[in-house]
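Participant: Can you read through this structure? Questions will come right after.
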Amino acid sequence: MKKLINRPQDVVAESLRGFALAHSGKVRVDHDLATVYRAERPLLGTVGLVSGGGSGHEPLHAGFVGHGMLSAACCGQVFTSPVPDQVVAATQQVDAGAGVLHLVKNYTGDVMNFEMAAEIVADTADIEVATVVLDDDVAVQDSTWTAGRRGTGATVFAEKLAGAAAEEGRPLAEVAAIARHVNENARSMGMAIAPSTVPTAGKPNFTLGEDEMELGVGIHGEPGRATVPYAPAADIARQLAEPVLADLPFAGGDRALVLLNGMGATPLIELYLMYGEVAAILAGHGIEVVRPLVGNYITSLDMAGCSLTVLRADDELLRLWDAPVETPALRWGR
Amino acid sequence: MKKLINRPQDVVAESLRGFALAHSGKVRVDHDLATVYRAERPLLGTVGLVSGGGSGHEPLHAGFVGHGMLSAACCGQVFTSPVPDQVVAATQQVDAGAGVLHLVKNYTGDVMNFEMAAEIVADTADIEVATVVLDDDVAVQDSTWTAGRRGTGATVFAEKLAGAAAEEGRPLAEVAAIARHVNENARSMGMAIAPSTVPTAGKPNFTLGEDEMELGVGIHGEPGRATVPYAPAADIARQLAEPVLADLPFAGGDRALVLLNGMGATPLIELYLMYGEVAAILAGHGIEVVRPLVGNYITSLDMAGCSLTVLRADDELLRLWDAPVETPALRWGR
Amino acid sequence: MMSAVPDPVAGTPATLGVPDLTTWLRRYAAEIVAHEQELTDLDAAIGDGDHGANMTRGMTAVVAVLDQTPFETLDALAKKVGMTLVSSVGGASGPLYGTFWLRFAKPLSGLARTDAATLGLALRAGVEGIQQRGKAEGGDKTMLDAFLPALAAYDAAVDAGAEPTAALRDAATAGRAGCAATVTMVARKGRASYLGERSAGHQDPGATSAALLLECAVS
Amino acid sequence: MMSAVPDPVAGTPATLGVPDLTTWLRRYAAEIVAHEQELTDLDAAIGDGDHGANMTRGMTAVVAVLDQTPFETLDALAKKVGMTLVSSVGGASGPLYGTFWLRFAKPLSGLARTDAATLGLALRAGVEGIQQRGKAEGGDKTMLDAFLPALAAYDAAVDAGAEPTAALRDAATAGRAGCAATVTMVARKGRASYLGERSAGHQDPGATSAALLLECAVS
Ligand SMILES: Nc1ncnc2c1ncn2[C@@H]1O[C@H](COP(=O)(O)OP(=O)(O)O)[C@@H](O)[C@H]1O
Ligand SMILES: Nc1ncnc2c1ncn2[C@@H]1O[C@H](COP(=O)(O)OP(=O)(O)O)[C@@H](O)[C@H]1O
Ligand SMILES: [Mg+2]
Ligand SMILES: [Mg+2]
Ligand SMILES: [Mg+2]
Ligand SMILES: [Mg+2]
């Protein structure tokens with residue numbers, strides 16, 4: 001395993017050190033609790049947005065802390081959800097009297113740690129907490145008997161759109177409703193041509209032959225639902241888009257926000273090419289992409305591959321999307 | 001070779017197709033000549049900025065077309081400079097009466113093709129053209145008897161800073177002087193832990209053992225000056241920073257803009273970690289980083305590694321850096 | 001599996017005291033470190049490859065607590081262990097093992113030593129805590145597939161009049177068997193469930209660390 | 001190296017006409033395609049691995065022109081070839097080979113056929129064009145290391161009274177030898193120069209495509 005790191009156990013702490021220096025003045029990092037805050041104090045009476053999860057998905061979540069998006073991001077170890085202490089501290093820090101929304105990707109560990117944190121906050125502080133769990137990944141069968149679907153690309157949309165609503169001063173219930181609405185109207189699917197390597201593990205999580213790819217992967221280097229033959233981009237786009245579109249289902253005339261996301265080691269030249277293929281398929285279904293986003297936004301360390309997220313948009317979501325945002329990874333309007 | 005592509009020969013054209021769709025309304029793409037323009041017409045009396053080069057370095061250059069930065073980017077085939085036809089057309093299109101600056105990275109092919117284009121423009125049109133050749137890479141020995149140093153990370157700074165000057169309505173000579181000033185005050189050095197693969201070549205340009213890395217690489221997948229033992233990030237940072245700082249040389253008290261750049265396949269978590277190491281070294285030399293930039297800005301396809309660019313800053317450069325920019329890859333202030 | 005540490009329970013067959021629990025935890029920490037790569041590899045196959053690092057981080061933190069703080073009662077010790085795991089592990093295993101020890105503490109309130117029956121209540125409370133927190137059942141291919149049969153075996157032994165050591169030994173044997181049985185299961189909870197049928201054929205990492213935990217009580 | 005195409009010059013030993021140059025170019029295009037991987041591999045070793053793709057793209061464009069447009073004079077044909085290469089190749093080789101043909105055209109102005117001496121002037125003009133454009137010299141490990149000895153051999157043959165075919169054959173032999181000599185050279189121009197001493201031990205890709213070009217004139 002070759003990576004630009006020192007000791008594998010120190011990766012998250014040391015990366016946060018660089019992150020803090022790279023964005024000083026904009027964010028503040030609590031290094032003891034590996035938690036990133038906006039540099040500016042929250043506006044009194046606005047809802048706080050706390051998210052977090054395992055590290056290795058950069059820029060998610062730390063890169064989305066800032067005006068118009070998250071109030072705080074709790075960074076776990078690589079692919080390991082944060083602990084309740086982090087979430088409790090963040091919740092207390094960002095509360096500005098209007099309550100705090102926890103945005104949680106649906107993984108057993110994330111759900112349980114945020115749940116314990118919410119219990120602790122309920123027991124010890126007078127802060128209203130709402131939780132929205134994101135589970136947009138159609139690669140996983142949904143069922144009450146399983147861990148359910150994973151939270152992936154919809155998280156980026158939820159953080160931006162709920163963040164914009166919070167910035168408008170809307171109450172906790174409405175901000176949470178927006179995040180829930182995003183989750184209900186978004187679907188994702190991912191694939192990989194090369195696995196990722198967790199630093200402390202030291203070797204790839206799965207192996208693939210020269211003519212194989214992994215379909216339905218998540219963002220934790222876990223193998224996907226199936227190993228299938230490596231295929232041209234046009235074919236991959238179809239294998240991602242069809243299950244996504246069929247699941248909601250999306251229909252002709254729908255407007256959509258689309259994220260064509262890189263898994264961390266796939267260069268932009270390929271992501272744009274993939275986006276061209278996906279856009280053609282969506283156009284063929286009569287779906288109008290009103291806001292496309294192409295790049296590395298929710299990654300899986302050094303995995304090579306991509307994921308597609310389609311979010312059915314309405315005027316309100318579009319307005320929230322276009323609202324100013326100023327974070328390390330997403331910025332416009334200021 | 002596995003990539004998210006269709007036919008290797010079509011990569012550039014198809015990627016540009018997706019790029020055009022992803023940024024429609026902001027950029028306009030001439031697909032016949034593989035050239036990207038701003039969607040809005042140039043302001044009369046402002047200098048046009050044309051750059052370009054081989055593809056495979058995304059977001060450079062196409063991702064830097066827009067308000068406050070480039071007027072047009074001519075995209076060559078992968079790692080192959082554009083042809084004069086592209087540059088001639090771009091120069092004619094973006095001229096708004098104040099002349100056009102060609103920003104050229106110092107590679108034999110780029111220099112000759114831009115040179116031929118400038119000759120053709122001089123012969124056929126009444127457009128004043130100035131050319132600034134960027135050669136900031138300290139890995140290569142400079143000499144009038146060789147091809148000279150490569151243009152790498154300084155290009156990003158030159159495009160932003162000259163672009164801001166052009167946006168202010170300053171005359172061609174001044175805009176060119178800024179680009180030249182940037183080049184004279186910037187130094188870069190790169191390294192790789194894994195090589196890139198040119199799609200049409202189908203295999204990596206060089207090979208590295210599990211405990212080797214390549215020091216002094218450029219951005220064209222070419223081998224570096226030396227294969228050295230793979231080392232921890234702190235050590236790599238030293239191997240990049242020391243030759244960079246010694247070359248200008250930089251001195252205690254200098255203020256600097258710093259680019260810690262990913263080569264395409266290195267995830268942000270590692271780039272931030274590397275930035276932390278570099279920042280510590282710069283601080284140790286008494287150099288104050290006034291504007292850091294961490295991410296994939298000038299890449300080498302799917303090469304894993306990073307490069308460091310340090311630009312000695314003054315108040316004017318800082319002001320130009322902070323000026324609004326609105327491009328696919330760099331955006332603030334609007 | 002057998003460690004060189006002498007059996008702590010052997011000298012006090014009828015009860016388990018604070019020093020015994022301390023020795024158990026230290027031995028577990030050492031075994032986790034020794035099995036870190038194995039746990040990580042198991043997790044890489046059907047999860048995300050961090051279970052070894054997670055458990056090592058957690059048990060290292062527990063050992064640091066043991067080194068620093070003397071405990072008078074079993075519940076104070078177990079509660080601190082639970083809180084330490086919750087605060088240092090993260091992921092699925094952090095809240096689950098954390099909850100195990102937090103709940104384990106309750107029936108032992110104020111006790112410096114416990115007999116076999118009360119220890120059984122503590123184990124049951126701990127395992128039920130895992131069930132409540134994780135909403136999994138036996139057969140879902142999780143740590144419960146080690147804990148549930150272990151608990152049943154413990155209770156059966158105590159019902160038959162066994163002392164803690166013997167009952168824990170039966171629990172460890174059943175836990176290891178339960179862990180082995182996860183190999184053929186299709187996961188319905190945790191990360192491995194994403195793999196569907198592909199999860200069969202691999203031993204569950206959490207069941208493996210749970211089997212280890214039980215073995216460390218007696219070996 | 002020997003192609004199955006019959007020698008075009010053989011039938012008209014004293015002169016080289018438009019059909020001969022056309023055949024030369026078509027043969028070169030075919031040989032470039034046949035050697036694409038080799039040129040790419042050579043370029044990967046000391047450059048950026050695109051010389052094969054570059055030359056294939058350029059010569060494919062040239063063949064498309066030949067298929068579409070009839071040419072009456074050598075200079076019209078050569079000029080169009082040069083412009084086509086400049087417009088389709090890019091990189092270092094595009095301007096250099098483009099300039100070669102653009103300058104090659106000049107001494108042949110208005111001619112449908114050329115004798116050995118005038119052809120020599122055209123070759124010289126072409127090679128000098130490469131030198132002017134690229135500012136390299138012999139020994140810098142570039143295509144010039146094939147072209148310069150080839151030109152000298154051509155001139156010597158013509159001075160000794162050779163017809164075009166024979167002179168071109170000498171040029172091809174010298175070009176191939178010059179290309180082989182690049183193996184030991186340390187590059188001072190082009191991308192390979194970044195490697196410094198490490199560039200030694202590899203044959204220059206541009207010298208290889210140049211040697212091929214000369215061989216295609218006669219084989
Ligand atoms: N809902 C659950 N109930 C009980 N145990 C679970 C549950 N989900 C996961 N586990 C256990 O947790 C183990 C994984 O732990 P770990 O790898 O540390 O966390 P993560 O899955 O978050 O990476 C699994 O092997 C399984 O035994
Ligand atoms: N200055 C120069 N003069 C003559 N030939 C050169 C010069 N620079 C490069 N070359 C030739 O060009 C060849 C490389 O061509 P190519 O790979 O197509 O372009 P690039 O180097 O831009 O990728 C080299 O092998 C060398 O023979
Ligand atoms: Mg995990
Ligand atoms: Mg090239
Ligand atoms: Mg795990
Ligand atoms: Mg080349």
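FYI, nothing fancy with the structure tokens labels: chains A, B, ... in order, residues from 1 per chain, ligands from 1 as they appear.
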When you look at segment 52-61 of chain C with a cut-off of 6 Å (counting only C-alpha atoms), what residues show up, excluding the ones that are within fewer than 6 positions of it in the same chain? I need them as a ChimeraX atom specification.

Facilitator: /C:29,33,36,39-40,85,88-89

Participant: Near chain C, meaning an atom within 6 Å, which residues of chain A appear when counting only C-alpha atoms? Write them as a PDB file with N, CA and C atoms, in the first residue's frame.

Facilitator:
ATOM      1  N   THR A  80     -15.368   4.671   9.607  1.00  0.00           N
ATOM      2  CA  THR A  80     -15.951   4.347  10.906  1.00  0.00           C
ATOM      3  C   THR A  80     -16.740   5.545  11.397  1.00  0.00           C
ATOM      4  N   SER A  81     -17.994   5.354  11.728  1.00  0.00           N
ATOM      5  CA  SER A  81     -18.820   6.484  12.121  1.00  0.00           C
ATOM      6  C   SER A  81     -18.194   7.192  13.313  1.00  0.00           C
ATOM      7  N   PRO A  82     -18.526   8.456  13.512  1.00  0.00           N
ATOM      8  CA  PRO A  82     -18.037   9.173  14.689  1.00  0.00           C
ATOM      9  C   PRO A  82     -18.660   8.573  15.941  1.00  0.00           C
ATOM     10  N   VAL A  83     -18.156   8.978  17.092  1.00  0.00           N
ATOM     11  CA  VAL A  83     -18.703   8.496  18.362  1.00  0.00           C
ATOM     12  C   VAL A  83     -19.688   9.539  18.895  1.00  0.00           C
ATOM     13  N   THR A 108     -25.509   1.158   9.912  1.00  0.00           N
ATOM     14  CA  THR A 108     -25.784   0.735  11.286  1.00  0.00           C
ATOM     15  C   THR A 108     -24.987   1.563  12.287  1.00  0.00           C
ATOM     16  N   GLY A 109     -23.694   1.709  12.040  1.00  0.00           N
ATOM     17  CA  GLY A 109     -22.849   2.425  12.976  1.00  0.00           C
ATOM     18  C   GLY A 109     -23.222   3.893  13.080  1.00  0.00           C
ATOM     19  N   VAL A 140     -28.966  -1.558  -2.954  1.00  0.00           N
ATOM     20  CA  VAL A 140     -29.293  -2.414  -1.823  1.00  0.00           C
ATOM     21  C   VAL A 140     -30.809  -2.583  -1.743  1.00  0.00           C
ATOM     22  N   THR A 146     -33.679  -5.813   7.087  1.00  0.00           N
ATOM     23  CA  THR A 146     -32.243  -5.663   6.839  1.00  0.00           C
ATOM     24  C   THR A 146     -31.780  -4.318   7.392  1.00  0.00           C
ATOM     25  N   ALA A 147     -30.510  -4.018   7.170  1.00  0.00           N
ATOM     26  CA  ALA A 147     -29.979  -2.721   7.574  1.00  0.00           C
ATOM     27  C   ALA A 147     -30.511  -1.616   6.672  1.00  0.00           C
ATOM     28  N   ASN A 205      -9.865  -3.790  -0.230  1.00  0.00           N
ATOM     29  CA  ASN A 205     -10.968  -4.534   0.366  1.00  0.00           C
ATOM     30  C   ASN A 205     -11.476  -5.667  -0.521  1.00  0.00           C
ATOM     31  N   HIS A 220     -17.806   2.650   1.179  1.00  0.00           N
ATOM     32  CA  HIS A 220     -16.921   2.175   2.245  1.00  0.00           C
ATOM     33  C   HIS A 220     -16.017   1.060   1.763  1.00  0.00           C
ATOM     34  N   GLY A 221     -15.755   1.057   0.480  1.00  0.00           N
ATOM     35  CA  GLY A 221     -14.845   0.048  -0.036  1.00  0.00           C
ATOM     36  C   GLY A 221     -15.417  -1.349   0.043  1.00  0.00           C
ATOM     37  N   GLU A 222     -16.675  -1.457   0.466  1.00  0.00           N
ATOM     38  CA  GLU A 222     -17.282  -2.781   0.524  1.00  0.00           C
ATOM     39  C   GLU A 222     -17.534  -3.279  -0.900  1.00  0.00           C
ATOM     40  N   ARG A 225     -22.962  -5.404  -5.135  1.00  0.00           N
ATOM     41  CA  ARG A 225     -23.895  -6.527  -5.213  1.00  0.00           C
ATOM     42  C   ARG A 225     -23.385  -7.593  -6.162  1.00  0.00           C
TER      43      ARG A 225
END

Participant: Would you please extract all alpha helix (DSSP H) residues from segment 1-165 of chain D, as assigned by DSSP on the backbone, and give them as a PyMOL selection string?

Facilitator: chain D and resi 18-34+36-46+51-68+74-88+93-105+116-134+144-159+164-165

Participant: Skip segment 63-69 of chain D itself and residues of its chain fewer than 6 positions away, then list as a list in words all residues within 9 Å of it, counting only C-alpha atoms.

Facilitator: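 Counting only C-alpha atoms, the residues come to Thr22, Leu25, Arg26, Ala29, Leu77, Lys80, Val81 and Thr84 of chain D.
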
Participant: Within 7 Å of chain A, which residues of chain B show up when using only C-alpha atoms, listed as a VMD selection string?

Facilitator: chain B and resid 2 4 to 6 14 to 15 17 to 19 21 to 22 56 58 to 59 193 232 to 234 264 to 270 272 to 276 292 to 294 301 to 302 331 to 334

Participant: Output C-alpha atoms for every residue in that selection, as a PDB file, in the first residue's frame.

Facilitator:
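And here is the file that came out, result-v5.pdb:
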ATOM      1  CA  LYS B   2      -9.799   0.052 -17.106  1.00  0.00           C
ATOM      2  CA  LEU B   4     -14.631   5.105 -17.591  1.00  0.00           C
ATOM      3  CA  ILE B   5     -14.380   5.633 -21.330  1.00  0.00           C
ATOM      4  CA  ASN B   6     -15.592   4.274 -24.624  1.00  0.00           C
ATOM      5  CA  GLU B  14     -16.665  12.757 -25.436  1.00  0.00           C
ATOM      6  CA  SER B  15     -15.393  14.300 -22.235  1.00  0.00           C
ATOM      7  CA  ARG B  17     -19.441  16.754 -24.620  1.00  0.00           C
ATOM      8  CA  GLY B  18     -20.151  16.043 -20.950  1.00  0.00           C
ATOM      9  CA  PHE B  19     -18.278  19.160 -19.884  1.00  0.00           C
ATOM     10  CA  LEU B  21     -23.602  19.803 -20.760  1.00  0.00           C
ATOM     11  CA  ALA B  22     -22.406  20.086 -17.175  1.00  0.00           C
ATOM     12  CA  GLY B  56      -5.633  14.906 -19.268  1.00  0.00           C
ATOM     13  CA  GLU B  58      -8.459  18.563 -15.926  1.00  0.00           C
ATOM     14  CA  PRO B  59      -9.729  20.886 -14.623  1.00  0.00           C
ATOM     15  CA  ILE B 193       3.361   6.941  -6.233  1.00  0.00           C
ATOM     16  CA  PRO B 232       6.136   8.908   4.658  1.00  0.00           C
ATOM     17  CA  ALA B 233       4.224  12.084   3.834  1.00  0.00           C
ATOM     18  CA  ALA B 234       6.417  14.235   6.071  1.00  0.00           C
ATOM     19  CA  GLY B 264      -5.748  13.019 -10.444  1.00  0.00           C
ATOM     20  CA  ALA B 265      -6.047   9.785  -8.494  1.00  0.00           C
ATOM     21  CA  THR B 266      -5.045  10.984  -5.048  1.00  0.00           C
ATOM     22  CA  PRO B 267      -7.966  11.532  -2.696  1.00  0.00           C
ATOM     23  CA  LEU B 268      -8.479  14.784  -0.809  1.00  0.00           C
ATOM     24  CA  ILE B 269      -7.858  13.128   2.550  1.00  0.00           C
ATOM     25  CA  GLU B 270      -4.255  12.567   1.467  1.00  0.00           C
ATOM     26  CA  TYR B 272      -4.959  17.759   3.010  1.00  0.00           C
ATOM     27  CA  LEU B 273      -2.572  15.613   5.004  1.00  0.00           C
ATOM     28  CA  MET B 274       0.245  16.528   2.609  1.00  0.00           C
ATOM     29  CA  TYR B 275      -0.722  20.177   2.850  1.00  0.00           C
ATOM     30  CA  GLY B 276      -0.385  19.973   6.622  1.00  0.00           C
ATOM     31  CA  PRO B 292      -3.593  28.058   0.219  1.00  0.00           C
ATOM     32  CA  LEU B 293      -5.239  25.971  -2.476  1.00  0.00           C
ATOM     33  CA  VAL B 294      -5.563  22.217  -1.991  1.00  0.00           C
ATOM     34  CA  LEU B 301      -4.887  11.624 -15.829  1.00  0.00           C
ATOM     35  CA  ASP B 302      -5.053   8.901 -13.194  1.00  0.00           C
ATOM     36  CA  ARG B 331     -15.250  30.164  -8.049  1.00  0.00           C
ATOM     37  CA  TRP B 332     -15.698  32.885  -5.493  1.00  0.00           C
ATOM     38  CA  GLY B 333     -17.090  36.364  -5.179  1.00  0.00           C
ATOM     39  CA  ARG B 334     -20.082  35.620  -7.426  1.00  0.00           C
TER      40      ARG B 334
END

Participant: Could you tell me how far atom CA of Glu215 of chain C lies from atom CA of Arg169 of chain C, in Å and to one decimal?

Facilitator: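 Spanning atom CA of Glu215 of chain C to atom CA of Arg169 of chain C is a straight-line distance of 7.3 Å.
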